[in-house]
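Here the structure comes first, spelled out in structure tokens, and everything after it is commentary.
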Amino acid sequence: MVGERIKSLRTEKNLSQESLAQGIRSNQKQISKWERGQIEPNIDALTRLADYFEVSVDSLIGRTEC
């Protein structure tokens, strides 16, 4: 679910995985793994993603609507 939300937010802003990775100090492979559900982002990454997309961590993890 987290991966789907990350991908949805990324595509809404017309960002590539590489652009998002640069924006949150990560790498494209990490973004890809998150979006495919292979791994979950840690709390630090969730915080950076929430700040970047201007949403709450709760919305990223599915506790509230984006």
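Lettering and numbering for the structure tokens are positional, with chains as A, B, ... in the shown order, residues counted from 1 in each chain, and ligands counted from 1 in the shown order.
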
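Using only C-alpha atoms, the protein and nucleic acid residues lying no more than 12 Å from A:Lys7, apart from those fewer than 2 places from it along its own chain, are Met1, Val2, Gly3, Glu4, Arg5, Leu9, Arg10, Thr11, Glu12, Lys13, Asn14, Leu15, Ser16, Gln17, Leu20, Ile31, Ser32, Lys33, Trp34, Glu35, Arg36, Gly37, Leu49, Phe53 and Leu60 of chain A.
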
Keeping only C-alpha atoms, write the selected residues as an mmCIF file, in the first residue's frame.
data_model
loop_
_atom_site.group_PDB
_atom_site.id
_atom_site.type_symbol
_atom_site.label_atom_id
_atom_site.label_comp_id
_atom_site.auth_asym_id
_atom_site.auth_seq_id
_atom_site.Cartn_x
_atom_site.Cartn_y
_atom_site.Cartn_z
ATOM 1 C CA MET A 1 0.000 0.000 0.000
ATOM 2 C CA VAL A 2 2.803 2.449 0.834
ATOM 3 C CA GLY A 3 4.387 1.802 -2.532
ATOM 4 C CA GLU A 4 1.135 2.465 -4.356
ATOM 5 C CA ARG A 5 0.736 5.786 -2.549
ATOM 6 C CA LEU A 9 1.938 10.950 -5.583
ATOM 7 C CA ARG A 10 4.984 10.769 -7.848
ATOM 8 C CA THR A 11 2.953 10.367 -11.025
ATOM 9 C CA GLU A 12 0.530 13.139 -10.006
ATOM 10 C CA LYS A 13 3.512 15.487 -9.992
ATOM 11 C CA ASN A 14 4.874 14.041 -13.258
ATOM 12 C CA LEU A 15 8.128 13.025 -11.594
ATOM 13 C CA SER A 16 10.437 10.238 -12.653
ATOM 14 C CA GLN A 17 11.742 7.873 -10.008
ATOM 15 C CA LEU A 20 11.983 11.875 -6.729
ATOM 16 C CA ILE A 31 12.166 4.192 -5.107
ATOM 17 C CA SER A 32 11.509 1.328 -7.505
ATOM 18 C CA LYS A 33 11.655 -1.262 -4.708
ATOM 19 C CA TRP A 34 9.274 0.789 -2.576
ATOM 20 C CA GLU A 35 6.799 1.195 -5.429
ATOM 21 C CA ARG A 36 6.871 -2.523 -6.246
ATOM 22 C CA GLY A 37 6.407 -3.465 -2.598
ATOM 23 C CA LEU A 49 8.662 11.644 1.440
ATOM 24 C CA PHE A 53 4.919 15.701 -1.112
ATOM 25 C CA LEU A 60 1.596 7.609 3.150
#

Inset, instruction - Extract the full set of helix (DSSP H, G or I) residues from chain A according to DSSP on the backbone, and format it as a ChimeraX atom specification. - result: /A:2-12,17-23,28-36,43-53,57-60
